[in-house]
Every structure is written in C-alpha cells, then in structure tokens.
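Source file: start35.json. Holds: JSON, C-alpha atoms.
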[["chain", "number", "residue", "atom", "x", "y", "z"],
["C", 1, "MET", "CA", 15.48, -18.52, 22.53],
["C", 2, "ASP", "CA", 16.29, -14.85, 23.16],
["C", 3, "THR", "CA", 16.16, -11.80, 20.91],
["C", 4, "THR", "CA", 19.94, -11.50, 20.77],
["C", 5, "THR", "CA", 20.08, -14.90, 19.12],
["C", 6, "LEU", "CA", 17.21, -13.96, 16.80],
["C", 7, "ARG", "CA", 18.98, -10.75, 15.78],
["C", 8, "THR", "CA", 22.11, -12.78, 15.05],
["C", 9, "PHE", "CA", 20.07, -15.18, 12.92],
["C", 10, "ILE", "CA", 18.44, -12.31, 10.99],
["C", 11, "THR", "CA", 21.80, -10.61, 10.37],
["C", 12, "LEU", "CA", 23.40, -13.84, 9.15],
["C", 13, "ALA", "CA", 20.41, -14.46, 6.87],
["C", 14, "GLU", "CA", 21.01, -11.03, 5.30],
["C", 15, "ILE", "CA", 24.83, -11.08, 5.10],
["C", 16, "LYS", "CA", 25.22, -14.84, 4.41],
["C", 17, "ASN", "CA", 28.72, -14.95, 5.88],
["C", 18, "PHE", "CA", 29.75, -15.82, 9.46],
["C", 19, "THR", "CA", 32.86, -13.62, 9.53],
["C", 20, "LYS", "CA", 31.11, -10.52, 8.17],
["C", 21, "THR", "CA", 28.15, -11.10, 10.47],
["C", 22, "ALA", "CA", 30.48, -11.19, 13.47],
["C", 23, "GLN", "CA", 32.09, -7.94, 12.30],
["C", 24, "GLN", "CA", 28.68, -6.36, 11.86],
["C", 25, "LEU", "CA", 27.61, -7.36, 15.37],
["C", 26, "PHE", "CA", 31.03, -6.61, 16.97],
["C", 27, "VAL", "CA", 31.38, -10.11, 18.41],
["C", 28, "ALA", "CA", 33.71, -13.03, 17.83],
["C", 29, "GLN", "CA", 32.91, -15.38, 14.96],
["C", 30, "SER", "CA", 32.68, -18.24, 17.45],
["C", 31, "THR", "CA", 29.88, -16.33, 19.21],
["C", 32, "VAL", "CA", 27.86, -16.18, 16.00],
["C", 33, "THR", "CA", 28.54, -19.88, 15.34],
["C", 34, "ASN", "CA", 27.48, -20.87, 18.85],
["C", 35, "ARG", "CA", 24.27, -18.80, 18.74],
["C", 36, "ILE", "CA", 23.20, -20.31, 15.43],
["C", 37, "ARG", "CA", 24.08, -23.82, 16.60],
["C", 38, "ASP", "CA", 22.07, -23.36, 19.81],
["C", 39, "LEU", "CA", 19.10, -21.99, 17.84],
["C", 40, "GLU", "CA", 19.15, -24.92, 15.40],
["C", 41, "THR", "CA", 19.37, -27.34, 18.32],
["C", 42, "GLU", "CA", 16.41, -25.71, 20.05],
["C", 43, "LEU", "CA", 14.30, -25.74, 16.88],
["C", 44, "GLY", "CA", 15.43, -29.22, 15.86],
["C", 45, "VAL", "CA", 16.08, -28.20, 12.22],
["C", 46, "ALA", "CA", 18.96, -26.86, 10.14],
["C", 47, "LEU", "CA", 18.45, -23.17, 9.33],
["C", 48, "PHE", "CA", 21.41, -22.72, 6.97],
["C", 49, "ILE", "CA", 23.16, -24.59, 4.20],
["C", 50, "ARG", "CA", 26.86, -24.03, 4.75],
["C", 51, "ASN", "CA", 29.63, -23.88, 2.17],
["C", 52, "HIS", "CA", 33.13, -22.43, 2.09],
["C", 53, "LYS", "CA", 32.29, -18.79, 1.28],
["C", 54, "GLN", "CA", 28.71, -18.17, 2.35],
["C", 55, "VAL", "CA", 25.58, -19.68, 3.84],
["C", 56, "ASP", "CA", 22.06, -19.86, 2.47],
["C", 57, "LEU", "CA", 18.78, -20.36, 4.26],
["C", 58, "THR", "CA", 17.18, -23.80, 4.18],
["C", 59, "PRO", "CA", 13.42, -23.95, 3.51],
["C", 60, "ALA", "CA", 12.93, -24.14, 7.29],
["C", 61, "GLY", "CA", 15.26, -21.17, 7.78],
["C", 62, "LEU", "CA", 13.36, -19.13, 5.23],
["C", 63, "LYS", "CA", 10.09, -19.89, 7.00],
["C", 64, "PHE", "CA", 11.55, -19.08, 10.42],
["C", 65, "LEU", "CA", 13.02, -15.77, 9.20],
["C", 66, "GLU", "CA", 9.56, -14.24, 8.86],
["C", 67, "TYR", "CA", 8.69, -15.18, 12.44],
["C", 68, "ALA", "CA", 12.04, -13.96, 13.78],
["C", 69, "GLN", "CA", 11.52, -10.56, 12.17],
["C", 70, "ARG", "CA", 8.04, -10.33, 13.65],
["C", 71, "PHE", "CA", 9.37, -11.30, 17.11],
["C", 72, "ILE", "CA", 11.91, -8.46, 16.96],
["C", 73, "GLU", "CA", 9.35, -5.93, 15.75],
["C", 74, "LEU", "CA", 6.95, -7.00, 18.48],
["C", 75, "GLU", "CA", 9.67, -6.66, 21.12],
["C", 76, "THR", "CA", 10.43, -3.12, 19.94],
["C", 77, "THR", "CA", 6.76, -2.18, 20.02],
["C", 78, "ALA", "CA", 6.29, -3.66, 23.49],
["C", 79, "LEU", "CA", 9.34, -1.85, 24.92],
["C", 80, "GLN", "CA", 8.20, 1.44, 23.44],
["C", 81, "ASP", "CA", 4.80, 1.00, 25.09],
["C", 82, "VAL", "CA", 6.16, -0.04, 28.49],
["C", 83, "GLN", "CA", 8.96, 2.52, 28.56],
["C", 84, "ALA", "CA", 6.88, 5.32, 27.03],
["C", 85, "SER", "CA", 8.32, 8.82, 27.31],
["C", 86, "PRO", "CA", 6.37, 11.08, 29.71],
["C", 87, "THR", "CA", 6.48, 13.71, 26.94],
["C", 88, "TYR", "CA", 3.80, 11.83, 24.98],
["C", 89, "ALA", "CA", 0.43, 10.68, 26.27],
["C", 90, "LYS", "CA", 0.23, 7.93, 23.67],
["C", 91, "LYS", "CA", 1.94, 6.42, 20.64],
["C", 92, "ILE", "CA", -0.17, 5.42, 17.65],
["C", 93, "ASN", "CA", 1.26, 3.30, 14.84],
["C", 94, "ILE", "CA", -0.28, 3.73, 11.40],
["C", 95, "GLY", "CA", 0.44, 1.71, 8.26],
["C", 96, "THR", "CA", -0.22, 3.01, 4.76],
["C", 97, "THR", "CA", 0.63, 2.32, 1.17],
["C", 98, "ASN", "CA", 2.90, 4.91, -0.37],
["C", 99, "THR", "CA", 0.26, 6.10, -2.85],
["C", 100, "ILE", "CA", -2.36, 6.74, -0.15],
["C", 101, "TYR", "CA", 0.28, 8.50, 1.96],
["C", 102, "GLU", "CA", 1.35, 10.81, -0.85],
["C", 103, "CYS", "CA", -2.21, 11.47, -2.08],
["C", 104, "HIS", "CA", -4.01, 12.02, 1.20],
["C", 105, "LEU", "CA", -2.24, 11.33, 4.49],
["C", 106, "GLN", "CA", 0.96, 13.34, 4.57],
["C", 107, "LYS", "CA", -0.77, 16.75, 4.75],
["C", 108, "LYS", "CA", -3.23, 15.45, 7.33],
["C", 109, "ILE", "CA", -0.48, 14.02, 9.53],
["C", 110, "ARG", "CA", 1.60, 17.20, 9.40],
["C", 111, "ALA", "CA", -1.43, 19.31, 10.31],
["C", 112, "TYR", "CA", -2.37, 17.00, 13.19],
["C", 113, "LEU", "CA", 1.13, 17.04, 14.69],
["C", 114, "HIS", "CA", 1.13, 20.85, 14.70],
["C", 115, "THR", "CA", -1.91, 20.95, 16.95],
["C", 116, "ASN", "CA", -1.43, 17.75, 19.01],
["C", 117, "PRO", "CA", 2.14, 17.75, 20.39],
["C", 118, "ASP", "CA", 1.30, 15.14, 23.05],
["C", 119, "ILE", "CA", 0.67, 12.37, 20.49],
["C", 120, "SER", "CA", 3.56, 10.33, 19.08],
["C", 121, "LEU", "CA", 2.86, 8.90, 15.63],
["C", 122, "GLY", "CA", 4.67, 6.00, 14.01],
["C", 123, "VAL", "CA", 4.07, 5.79, 10.24],
["C", 124, "THR", "CA", 4.96, 2.61, 8.34],
["C", 125, "ILE", "CA", 4.85, 2.76, 4.54],
["C", 126, "SER", "CA", 4.63, -0.77, 3.22],
["C", 127, "HIS", "CA", 2.65, -3.30, 1.20],
["C", 128, "THR", "CA", -0.85, -4.32, 2.22],
["C", 129, "LEU", "CA", -0.19, -7.95, 3.23],
["C", 130, "ASP", "CA", 2.72, -6.96, 5.46],
["C", 131, "MET", "CA", 0.68, -4.20, 7.10],
["C", 132, "LEU", "CA", -2.33, -6.43, 7.76],
["C", 133, "GLN", "CA", -0.08, -8.98, 9.42],
["C", 134, "LYS", "CA", 1.37, -6.26, 11.66],
["C", 135, "LEU", "CA", -2.14, -5.04, 12.45],
["C", 136, "GLN", "CA", -3.05, -8.58, 13.50],
["C", 137, "ASP", "CA", 0.11, -8.83, 15.63],
["C", 138, "GLY", "CA", -0.64, -5.55, 17.38],
["C", 139, "MET", "CA", 2.33, -3.70, 15.88],
["C", 140, "LEU", "CA", 0.04, -1.35, 13.95],
["C", 141, "ASP", "CA", -3.10, 0.34, 15.25],
["C", 142, "ALA", "CA", -4.61, 1.24, 11.88],
["C", 143, "VAL", "CA", -3.97, 0.57, 8.20],
["C", 144, "PHE", "CA", -4.81, 2.56, 5.07],
["C", 145, "SER", "CA", -5.00, 0.09, 2.19],
["C", 146, "PHE", "CA", -6.37, -0.49, -1.30],
["C", 147, "SER", "CA", -7.63, -3.89, -0.11],
["C", 148, "ALA", "CA", -10.62, -4.31, 2.17],
["C", 149, "ILE", "CA", -10.71, -6.91, 4.94],
["C", 150, "PHE", "CA", -13.97, -8.28, 6.29],
["C", 151, "ARG", "CA", -13.18, -10.47, 9.27],
["C", 152, "ASP", "CA", -14.32, -10.78, 12.88],
["C", 153, "GLY", "CA", -12.27, -8.55, 15.13],
["C", 154, "TYR", "CA", -11.67, -5.85, 12.52],
["C", 155, "ILE", "CA", -13.44, -2.70, 11.39],
["C", 156, "CYS", "CA", -13.04, -1.81, 7.71],
["C", 157, "GLN", "CA", -14.58, 1.33, 6.28],
["C", 158, "PRO", "CA", -14.24, 3.16, 2.94],
["C", 159, "TYR", "CA", -11.63, 5.90, 2.98],
["C", 160, "ARG", "CA", -11.34, 7.52, -0.46],
["C", 161, "THR", "CA", -12.37, 6.86, -4.05],
["C", 162, "ASP", "CA", -9.90, 8.25, -6.57],
["C", 163, "THR", "CA", -10.52, 8.63, -10.28],
["C", 164, "LEU", "CA", -7.56, 7.61, -12.40],
["C", 165, "VAL", "CA", -6.50, 10.03, -15.12],
["C", 166, "LEU", "CA", -4.53, 9.13, -18.24],
["C", 167, "VAL", "CA", -1.70, 11.66, -18.36],
["C", 168, "CYS", "CA", 1.14, 12.58, -20.68],
["C", 169, "GLN", "CA", 3.84, 15.24, -20.94],
["C", 170, "ALA", "CA", 2.28, 18.72, -21.06],
["C", 171, "ASP", "CA", 3.82, 19.48, -24.49],
["C", 172, "ASP", "CA", 2.55, 16.23, -26.02],
["C", 173, "LYS", "CA", -0.36, 17.29, -28.25],
["C", 174, "GLU", "CA", -1.08, 13.85, -29.69],
["C", 175, "TYR", "CA", -4.52, 12.69, -28.61],
["C", 176, "ALA", "CA", -5.30, 16.28, -27.63],
["C", 177, "SER", "CA", -8.97, 15.64, -28.32],
["C", 178, "GLY", "CA", -8.99, 12.32, -26.51],
["C", 179, "ILE", "CA", -8.06, 8.70, -27.03],
["C", 180, "TYR", "CA", -9.99, 5.54, -27.94],
["C", 181, "LYS", "CA", -9.40, 2.20, -26.24],
["C", 182, "SER", "CA", -8.04, 0.76, -29.49],
["C", 183, "ASP", "CA", -5.30, 3.41, -29.49],
["C", 184, "LEU", "CA", -4.05, 2.62, -25.99],
["C", 185, "GLN", "CA", -1.95, -0.29, -27.21],
["C", 186, "LYS", "CA", -0.11, 2.09, -29.55],
["C", 187, "ILE", "CA", 1.23, 4.33, -26.77],
["C", 188, "ASN", "CA", 4.23, 3.82, -24.52],
["C", 189, "TYR", "CA", 2.24, 2.96, -21.43],
["C", 190, "LEU", "CA", 4.10, 2.90, -18.09],
["C", 191, "PHE", "CA", 2.37, 0.28, -15.96],
["C", 192, "CYS", "CA", 1.90, 0.40, -12.21],
["C", 193, "ASN", "CA", -0.22, -2.13, -10.35],
["C", 194, "PHE", "CA", -0.41, 0.09, -7.27],
["C", 195, "ALA", "CA", -3.96, -0.91, -6.37],
["C", 196, "LEU", "CA", -3.44, -4.67, -6.40],
["C", 197, "GLN", "CA", -5.75, -6.92, -8.35],
["C", 198, "GLY", "CA", -8.80, -4.81, -9.16],
["C", 199, "VAL", "CA", -7.52, -1.73, -10.96],
["C", 200, "GLY", "CA", -4.39, -3.49, -12.19],
["C", 201, "LEU", "CA", -6.49, -6.09, -13.98],
["C", 202, "TYR", "CA", -8.81, -3.40, -15.33],
["C", 203, "ILE", "CA", -5.88, -1.56, -16.89],
["C", 204, "GLN", "CA", -4.28, -4.75, -18.19],
["C", 205, "ASP", "CA", -7.61, -5.60, -19.89],
["C", 206, "LEU", "CA", -7.35, -2.35, -21.84],
["C", 207, "PHE", "CA", -4.33, -3.85, -23.62],
["C", 208, "PRO", "CA", -3.85, -7.06, -25.61],
["C", 209, "ARG", "CA", -3.17, -10.20, -23.59],
["C", 210, "TYR", "CA", 0.50, -10.58, -22.57],
["C", 211, "HIS", "CA", 1.16, -6.99, -23.64],
["C", 212, "ARG", "CA", 4.72, -6.00, -22.78],
["C", 213, "PHE", "CA", 4.98, -2.53, -21.27],
["C", 214, "PRO", "CA", 8.13, -0.43, -21.72],
["C", 215, "MET", "CA", 8.28, -0.01, -17.95],
["C", 216, "GLU", "CA", 6.58, -1.56, -14.92],
["C", 217, "ILE", "CA", 6.92, -0.19, -11.38],
["C", 218, "ASP", "CA", 5.10, -0.92, -8.12],
["C", 219, "ASN", "CA", 5.05, 2.65, -6.81],
["C", 220, "SER", "CA", 2.81, 5.10, -8.65],
["C", 221, "THR", "CA", 4.30, 8.15, -6.91],
["C", 222, "LYS", "CA", 7.53, 7.62, -8.87],
["C", 223, "LEU", "CA", 5.81, 7.81, -12.27],
["C", 224, "PRO", "CA", 4.96, 11.54, -12.71],
["C", 225, "GLN", "CA", 8.59, 12.49, -13.34],
["C", 226, "TYR", "CA", 8.90, 9.86, -16.09],
["C", 227, "VAL", "CA", 5.75, 11.12, -17.75],
["C", 228, "ALA", "CA", 6.80, 14.77, -17.38],
["C", 229, "GLU", "CA", 10.00, 13.94, -19.27],
["C", 230, "GLY", "CA", 8.01, 12.49, -22.16],
["C", 231, "LEU", "CA", 8.91, 8.85, -21.54],
["C", 232, "GLY", "CA", 5.36, 7.58, -21.77],
["C", 233, "TYR", "CA", 1.75, 7.69, -20.64],
["C", 234, "THR", "CA", 0.09, 6.30, -17.54],
["C", 235, "PHE", "CA", -3.02, 6.28, -15.38],
["C", 236, "LEU", "CA", -2.52, 8.07, -12.06],
["C", 237, "PRO", "CA", -4.91, 9.11, -9.25],
["C", 238, "ARG", "CA", -6.11, 12.65, -9.84],
["C", 239, "SER", "CA", -5.34, 13.53, -6.22],
["C", 240, "LEU", "CA", -1.70, 12.58, -6.82],
["C", 241, "ILE", "CA", -1.13, 14.70, -9.92],
["C", 242, "GLU", "CA", -3.56, 17.59, -9.34],
["C", 243, "ASP", "CA", -0.72, 20.06, -8.72],
["C", 244, "ASP", "CA", 1.25, 18.80, -11.75],
["C", 245, "LEU", "CA", -1.80, 19.39, -13.94],
["C", 246, "LEU", "CA", -2.30, 22.90, -12.56],
["C", 247, "LEU", "CA", 1.39, 23.76, -12.97],
["C", 248, "GLY", "CA", 1.40, 22.51, -16.55],
["C", 249, "LYS", "CA", 3.86, 19.67, -15.97],
["C", 250, "LEU", "CA", 1.36, 17.04, -17.14],
["C", 251, "ARG", "CA", -1.70, 16.97, -19.37],
["C", 252, "ALA", "CA", -4.81, 14.83, -18.91],
["C", 253, "ILE", "CA", -6.06, 12.89, -21.94],
["C", 254, "PRO", "CA", -9.85, 12.36, -22.18],
["C", 255, "LEU", "CA", -11.03, 8.77, -22.66],
["C", 256, "LEU", "CA", -13.48, 8.65, -25.57],
["C", 257, "ASP", "CA", -15.05, 5.20, -25.37],
["C", 258, "VAL", "CA", -14.21, 3.78, -21.94],
["C", 259, "ALA", "CA", -15.01, 5.04, -18.46],
["C", 260, "PRO", "CA", -12.04, 6.23, -16.41],
["C", 261, "PRO", "CA", -11.08, 3.59, -13.83],
["C", 262, "LYS", "CA", -11.58, 4.30, -10.15],
["C", 263, "VAL", "CA", -9.67, 3.00, -7.16],
["C", 264, "ASP", "CA", -11.10, 2.58, -3.67],
["C", 265, "SER", "CA", -9.07, 2.72, -0.48],
["C", 266, "TYR", "CA", -10.00, 1.63, 3.04],
["C", 267, "TYR", "CA", -9.29, 2.41, 6.67],
["C", 268, "ILE", "CA", -8.86, -0.72, 8.81],
["C", 269, "THR", "CA", -8.53, -1.08, 12.58],
["C", 270, "ARG", "CA", -8.93, -3.84, 15.11],
["C", 271, "SER", "CA", -12.17, -3.99, 17.11],
["C", 272, "PRO", "CA", -12.05, -2.49, 19.64],
["C", 273, "GLY", "CA", -9.62, 0.02, 18.19],
["C", 274, "ASN", "CA", -6.72, 1.86, 19.81],
["C", 275, "VAL", "CA", -6.74, 5.05, 17.74],
["C", 276, "PRO", "CA", -8.00, 8.13, 19.63],
["C", 277, "ASP", "CA", -11.34, 9.37, 18.31],
["C", 278, "SER", "CA", -9.93, 12.83, 17.63],
["C", 279, "LEU", "CA", -7.08, 11.47, 15.49],
["C", 280, "GLU", "CA", -9.36, 9.06, 13.65],
["C", 281, "ALA", "CA", -11.89, 11.80, 12.88],
["C", 282, "PHE", "CA", -9.13, 14.14, 11.70],
["C", 283, "LEU", "CA", -7.56, 11.60, 9.34],
["C", 284, "LEU", "CA", -10.88, 10.43, 7.93],
["C", 285, "GLN", "CA", -12.47, 13.80, 7.27],
["C", 286, "PRO", "CA", -12.69, 14.78, 3.55]]
Written as structure tokens, that's how I'd like the structure from this file.
Amino acid sequence: MDTTTLRTFITLAEIKNFTKTAQQLFVAQSTVTNRIRDLETELGVALFIRNHKQVDLTPAGLKFLEYAQRFIELETTALQDVQASPTYAKKINIGTTNTIYECHLQKKIRAYLHTNPDISLGVTISHTLDMLQKLQDGMLDAVFSFSAIFRDGYICQPYRTDTLVLVCQADDKEYASGIYKSDLQKINYLFCNFALQGVGLYIQDLFPRYHRFPMEIDNSTKLPQYVAEGLGYTFLPRSLIEDDLLLGKLRAIPLLDVAPPKVDSYYITRSPGNVPDSLEAFLLQP
C-alpha cells in the first residue's frame, strides 16, 4: 500500500467516476482501475459499489477513507519535518476553531511572526474532534478548543472566558431598555452552536422545546453581518463584536432576568509538548 494508491482512492471517493478521476490525476483510466483493484485485494474488502455512471463508497470504503486521509496528512507532516527549510529553525502546527481564531489568535499570530522570522507556523482552522485526532496523530502541536480534554499524555489549561452578548442592528430600538427571557422566543433569533454542547444547550433552553430558528449556522464569525443588516438577533462573544459595538454597527441588549451566558476555551498540547516556551507564553498571555 503506497501513498500514490491512497491518493487515487481519495480522489475517486470524491469524484465518484473512474474516467474523471483519471483525468484529474493525469493517468490512464486503466491505471486508476488497477490501483483500486490492488488496494481492495490487499485489504480483502470491496471499497466501492460500481454502477454504469458513478461509484459510491461501501461501508468499509467509508471507514477506510478517514484513515487514508490521515495517512496522507501524516506523510506531508513527516516530509516537511525531515526536509525542513534551513530558513526556519522549527515548524509549529496549531489547530483552532474559527471563533477562537477571529476573537483572539489572529492578532497574536501576526504580532509573533513580525518578531520571530525563524519560526514557521502552520494554522489549521477546523472542528474540535478533527483537531484532537490530529493532535493525537502528531500532525498538530497544539489546539485551541471550546472543549476540554483530560487524558493521560495531554496538558489542557484554560485559555479564555468570553461573555456572550445579545446583539441587534444598531438602529433597532426595540428592547432598548433590555429584554426578558419570555420575550426571547418572540425575536428572530439566529442560532449558532459554536461552542458545542454547553453554551448551545444553554441558549436552546432559553427557547421553547423544538423551537425553529429562522437561521442556524455553525460559524459565529459569519453572523455579525446578518445582524447588522437587521435580519435578526443573536448571542456573540463580546471579544468578537467589540469593534462593531464601538463603531455603531451593532447594539447590545441587556438581559433583565437571566445571566448572560459565558463560554470557556482551552489550550491543549501533548505531554511533553513541542511548542517553544516563547511562542506558548506569547499566545497565552492576556
């Protein structure tokens, strides 16, 4: 089993057509067919269900796809380490959710790169489960996540605690004096479960069971523009919308009978870690 065959398998799984896969890889269709046949023979299972126009992954193929992708990512990481450019003393790979990146990390990373030109940083913006798997596989050196992990071989420490603010369009004067919990179900609330179970469940509990929201999205950084255009209300981390509040693009609505929700984030590394002390201290400082 070599990575060329794995890349062929991954491409076919995405395109679902032998002819188009061959065109994508600039090889003959028979080459693609032979590679997949050899891979299925080696594994002892069928990876694809074939029909006249396209192919679909079998349950075994779907399971193997995840491992194939991880093999390729690990190969890339290993080659980058072994064939490191003499320009950089070290490469550090950091994973983060998009919200934490936008709220806290991007300014820190830019500032660090200005003063530390010998460090190469790889930044992966992804979902927590995917990042923790890559941390375990050695493809990431550190993860910033809304989920904590307490397991042997890892160090998990609090990173930030953000207060969530209910915001609306700046010109919206309804609820100017504040809003009661009973009134929340009357507004057009734009829902984002960006902090996984904890805060998402807290916010859902503010509404009737099975409440249907006019919009649901899994990336909170995309919501301010919807709110600024008057399309609804939402809870967002204060650190994310501080500038929008100051510039008068959004307005914060006081909560009159419930406490504003808070969301905790965490910094996770393997033990022992691979992140230089200077970089770690710089990223973690308030």
Practice item. Go through C:Glu42, C:Glu242, C:Glu102, C:Glu229 one by one, measure the shortest atom-to-atom distance of each to Gln169 in chain C using all atoms listed in the file, and give the residue with the smallest value. Key: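 Closest to Gln169 in chain C of all the choices is C:Glu229.
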Show me a table, sorted first by chain and then by increasing residue number, of the residues of range 123-189 of chain C having an atom at most 8 Å from range 95-100 of chain C, each with its shortest atom pair and the distance in Å to one decimal, counting all atoms listed in the file and written as JSON lines.
{"residue": "C:Val123", "atom": "CA", "partner": "C:Gly95", "partner_atom": "CA", "distance": 5.8}
{"residue": "C:Thr124", "atom": "CA", "partner": "C:Gly95", "partner_atom": "CA", "distance": 4.6}
{"residue": "C:Ile125", "atom": "CA", "partner": "C:Thr96", "partner_atom": "CA", "distance": 5.1}
{"residue": "C:Ser126", "atom": "CA", "partner": "C:Thr97", "partner_atom": "CA", "distance": 5.5}
{"residue": "C:His127", "atom": "CA", "partner": "C:Thr97", "partner_atom": "CA", "distance": 6.0}
{"residue": "C:Thr128", "atom": "CA", "partner": "C:Thr97", "partner_atom": "CA", "distance": 6.9}
{"residue": "C:Met131", "atom": "CA", "partner": "C:Gly95", "partner_atom": "CA", "distance": 6.0}
{"residue": "C:Leu140", "atom": "CA", "partner": "C:Gly95", "partner_atom": "CA", "distance": 6.5}
{"residue": "C:Asp141", "atom": "CA", "partner": "C:Gly95", "partner_atom": "CA", "distance": 8.0}
{"residue": "C:Ala142", "atom": "CA", "partner": "C:Gly95", "partner_atom": "CA", "distance": 6.2}
{"residue": "C:Val143", "atom": "CA", "partner": "C:Gly95", "partner_atom": "CA", "distance": 4.6}
{"residue": "C:Phe144", "atom": "CA", "partner": "C:Thr96", "partner_atom": "CA", "distance": 4.6}
{"residue": "C:Ser145", "atom": "CA", "partner": "C:Thr97", "partner_atom": "CA", "distance": 6.1}
{"residue": "C:Phe146", "atom": "CA", "partner": "C:Thr97", "partner_atom": "CA", "distance": 7.9}
Draw an axis-aligned box over all listed atoms of range 5-9 of chain C, pad each side with 5 Å, and write its centre and edge lengths in Å, one decimal, as AutoDock Vina command-line options.
--center_x 19.7 --center_y -13.0 --center_z 16.0 --size_x 14.9 --size_y 14.4 --size_z 16.2
Review point. What is the distance, in Å and to one decimal place, between CA of Leu135 in chain C and CA of Ile268 in chain C?
Key: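 These two atoms are separated by 8.8 Å.
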Check your understanding: Leaving out Phe213 in chain C and any residue of its chain fewer than 6 positions from it, which residues lie within 9 Å of it when counting only C-alpha atoms, given as a list in words?
Key ->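 After dropping sequence-adjacent residues, the list is Asn188, Tyr189, Leu190 and Phe191 of chain C.
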Review point. Can you tell me how far CA of Pro260 in chain C sits from CA of Leu223 in chain C, in Å to one decimal?
Key: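 CA of Leu223 in chain C lies 18.4 Å from CA of Pro260 in chain C.
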Point to revise | Which of C:Ile92, C:Lys173, C:Gln106, C:Leu65 sits closest to Gly122 in chain C [using all atoms listed in the file] | key: C:Ile92
Practice item. Select, from C:Thr58, C:Asn51, C:Thr163, C:Thr234, the residue with the minimum atom-to-atom distance to Pro214 in chain C, counting only C-alpha atoms. Key: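 Nearest candidate to Pro214 in chain C out of C:Thr58, C:Asn51, C:Thr163, C:Thr234: C:Thr234.
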Using only C-alpha atoms, determine which residues lie at most 7 Å from Pro237 in chain C, disregarding the query and same-chain residues fewer than 3 positions distant; provide the list as a PDB file with C-alpha atoms, keeping the file's coordinate frame.
ATOM      1  CA  ASP C 162      -9.900   8.250  -6.570  1.00  0.00           C
ATOM      2  CA  THR C 163     -10.520   8.630 -10.280  1.00  0.00           C
ATOM      3  CA  LEU C 164      -7.560   7.610 -12.400  1.00  0.00           C
ATOM      4  CA  VAL C 165      -6.500  10.030 -15.120  1.00  0.00           C
ATOM      5  CA  LEU C 240      -1.700  12.580  -6.820  1.00  0.00           C
ATOM      6  CA  ILE C 241      -1.130  14.700  -9.920  1.00  0.00           C
TER       7      ILE C 241
END
Study note, to complete from the structure: Using only C-alpha atoms, the best pick from C:Val167, C:Ile72, C:Ala176, C:Cys103 as closest to Met139 in chain C would be C:Ile72
Revision key, fill the gap. re CA of His211 in chain C and CA of Ile253 in chain C: distance 21.2 Å
Exercise for review: For Phe18 in chain C, please output as a PyMOL selection string all residues within 10 Å (counting only C-alpha atoms; exclusion window: fewer than 4 positions along the same chain).
Suggested key: chain C and resi 8+11-13+22-24+28-33+36+50+53-55
Review point. Can you list, as a ChimeraX atom specification, every protein, DNA or RNA residue that comes within 10 Å of Arg7 in chain C when you count all atoms listed in the file, leaving out same-chain residues fewer than 2 positions away?
Key: /C:2-5,9-13,25,68-69,71-72
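Proximity to Leu245 in chain C was assessed for C:Asp171, C:Gln285, C:Leu132, C:Val263 counting all atoms listed in the file; the smallest distance is recorded for C:Asp171.
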